[in-house]
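Following: one structure in structure tokens, then a few remarks.
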Number of protein chains: 2
Amino acid sequence: MSAPIAIVAGAGALPWEAAKRIAPRRRVIVFALIGEADPAPPGIETHAVGYGQIGRIFKLMRENGCADVMFLGAIRARPDYRRILGDVQTLKLVPKIVRAVVGGDDSVVRNVMKLVEAEGFRVVSVPEAVPELLAEVGTFGRFAPEARHEADIALGARFLDAASDFDIGQSVVVAEGRIVAVEAAEGTDAMLERCVKLREVKRFRAPRGSGVLVKRAKVGQDMRSDIPVVGAGTLAKVIDAGLGGIAVEAGRTIIAEREAMVAAADKARVFVVAR
Amino acid sequence: MSAPIAIVAGAGALPWEAAKRIAPRRRVIVFALIGEADPAPPGIETHAVGYGQIGRIFKLMRENGCADVMFLGAIRARPDYRRILGDVQTLKLVPKIVRAVVGGDDSVVRNVMKLVEAEGFRVVSVPEAVPELLAEVGTFGRFAPEARHEADIALGARFLDAASDFDIGQSVVVAEGRIVAVEAAEGTDAMLERCVKLREVKRFRAPRGSGVLVKRAKVGQDMRSDIPVVGAGTLAKVIDAGLGGIAVEAGRTIIAEREAMVAAADKARVFVVAR
């Protein structure tokens, strides 16, 4: 058995799903961010930590001989660095932490990773530690994209690749050849909720079942941070928005809560496809 | 005096502002779209028309010797082509109209213009008919962008140029090096309202006064359709979103209600700049 692995857990089912999959083969210690992480399931070694407890995370990792760490789950609040500084035990970390939280989402994560690595830990990726969470090429569930969806999937993928340099979101809604919504700071869920409202005000008039949520990793994405994730929650919002399905990038997207998601997709007659 | 010019008026102050500026030098006939256009000001020759009255517009234009037409103002609803077909008097128009309203915002307008031109009319642009509405290079009002805003303006402009091929919106909010919101089907106002909400949920944490609304014409924009417009309403929402100012493209952006906008910008200490 390898040395234990730490998971710093933000919101959603994903950190717990990863922990449960890893646990049979390797000891897992989860640091659940207070105000972000979902409640811990039974049987997983968990420490609740605030943003101000980076020093405590490092200390517990060292005490447990834990060299590897994964960052999983959504960070809903962009933490205020004054809170992060709460209990930092070594003053030399302060300027690094301040630098870490300035800039785009992606650069925050990159900077936090640098900080963690400078302390001697290794940040590992889902493909390394829990590859079974990644979407493989193919369709999930009973439904596949129809001819009318293919052009929208291609357009969304081209847009996301073109926008990739700009560190915006990683998803877009396309319907009948038109880009309806582009994700930036609001996140995928809020973007999908916007599509529901756009239907109400008649700015999104494509027939129900005709649009697609397209989600892709950035070009050159560091797979240790901010990999695109879709799950049962994403699917529920895709259904609310009246879209035909979800298209993700195979090998570079996490499918969380796969069984629940596929069952819901089949019931609603929407597709989930990885290319 | 030239032959009369028609204005097909959507929402906002712009169509009426254009009509009032043109009226001293040329007869203007405004076709005010019911459900879209603001109330007509006194002294402007106006016909209220529904989407289903294209035939009537063509007839009145011909009766008045009117060869030129401008399309101005926002179309909030994407009209249903069944309504547009309402009173079309020549059946040969039907397939053209159906084609006109399928596709992105931009292609709707392009197709409507083709349809109008096929009937023998000339679609004219703001630069041709009312150039005084365009933003000239410079700052409007007392405040200019500070050093901290310049990088955001440049980033927004680069993003919009890169996204230009995709027929999404023409504006973006950038703050402290991060793209906070991208406009697609929701329009500029709704995007700015989203920034207010993003502040509430702490996904947009830049200090008040530090972000910029960047708005540009598309690369290769047909200036007869969908030119970017900013006005007093835009400015009010920029202030609500806590941004530092507005940066538009000189010569290719309309400044509507300029006096009211500049007065409000000065009062709120925000900048409006055209480059």
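By order of appearance in the structure tokens: chains A, B, ..., then residues from 1 within every chain, and ligands from 1 in the order shown.
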
Proximal residues of chain B relative to chain A (only C-alpha atoms; 8 Å) as an NGL selection string: :B and (76-78 or 103-104 or 159 or 162-163 or 166-168 or 176-186 or 198 or 201-205)

Keeping C-alpha atoms for every residue in the selection just given, could you write it to a file as a PDB file, in the first residue's frame?
```
ATOM      1  CA  ARG B  76     -35.875  42.116 -26.530  1.00  0.00           C
ATOM      2  CA  ALA B  77     -38.026  39.248 -27.727  1.00  0.00           C
ATOM      3  CA  ARG B  78     -36.772  37.055 -30.522  1.00  0.00           C
ATOM      4  CA  GLY B 103     -29.942  31.445 -36.601  1.00  0.00           C
ATOM      5  CA  GLY B 104     -27.924  33.760 -34.354  1.00  0.00           C
ATOM      6  CA  PHE B 159     -11.062  38.446 -25.689  1.00  0.00           C
ATOM      7  CA  ALA B 162     -10.952  36.378 -30.336  1.00  0.00           C
ATOM      8  CA  ALA B 163     -14.643  35.612 -29.696  1.00  0.00           C
ATOM      9  CA  PHE B 166     -18.644  33.170 -32.821  1.00  0.00           C
ATOM     10  CA  ASP B 167     -21.470  35.701 -32.958  1.00  0.00           C
ATOM     11  CA  ILE B 168     -21.857  35.913 -29.183  1.00  0.00           C
ATOM     12  CA  GLU B 176      -8.102  42.788 -11.893  1.00  0.00           C
ATOM     13  CA  GLY B 177      -6.970  40.623 -14.767  1.00  0.00           C
ATOM     14  CA  ARG B 178      -9.931  38.258 -14.622  1.00  0.00           C
ATOM     15  CA  ILE B 179     -12.866  37.935 -17.024  1.00  0.00           C
ATOM     16  CA  VAL B 180     -15.860  38.024 -14.706  1.00  0.00           C
ATOM     17  CA  ALA B 181     -18.739  37.819 -17.198  1.00  0.00           C
ATOM     18  CA  VAL B 182     -19.178  37.226 -20.916  1.00  0.00           C
ATOM     19  CA  GLU B 183     -22.258  38.427 -22.776  1.00  0.00           C
ATOM     20  CA  ALA B 184     -24.147  36.001 -25.006  1.00  0.00           C
ATOM     21  CA  ALA B 185     -27.935  35.824 -25.494  1.00  0.00           C
ATOM     22  CA  GLU B 186     -28.728  37.657 -22.249  1.00  0.00           C
ATOM     23  CA  LEU B 198     -21.756  37.628  -8.337  1.00  0.00           C
ATOM     24  CA  VAL B 201     -22.238  35.365  -3.614  1.00  0.00           C
ATOM     25  CA  LYS B 202     -18.546  36.410  -3.391  1.00  0.00           C
ATOM     26  CA  ARG B 203     -17.643  35.144  -6.821  1.00  0.00           C
ATOM     27  CA  PHE B 204     -16.703  38.677  -7.823  1.00  0.00           C
ATOM     28  CA  ARG B 205     -14.608  40.179  -5.074  1.00  0.00           C
TER      29      ARG B 205
END
```

Which of B:Leu60, B:Ala135, B:Ala6, B:Ala11 sits closest to Arg122 in chain B [using only C-alpha atoms]: B:Ala6

Per-residue DSSP, range 92-190 of chain A, filtered to strand (DSSP E), as an MDAnalysis selection string: chainID A and resid 122:123 138:140 171:175 178:182

Residue contacts of Arg224 in chain B (12 Å, only C-alpha atoms) excluding same-chain residues fewer than 4 positions away, as an NGL selection string: :B and (7 or 68-72 or 106 or 109-110 or 112-114 or 122-130 or 217 or 220 or 228 or 252-253)

Exercise: Val270 in chain A partners within 12 Å, only C-alpha atoms, chain neighbours under 4 positions left out, as a count of residues only: 34

Given only C-alpha atoms as the counted atoms, nearest of B:Gly138, B:Gly65, B:Pro24, B:Asp161 to Phe121 in chain B: B:Gly65

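The spacing separating CA of Ala40 in chain B from CA of Ala18 in chain B amounts to 12.2 Å.
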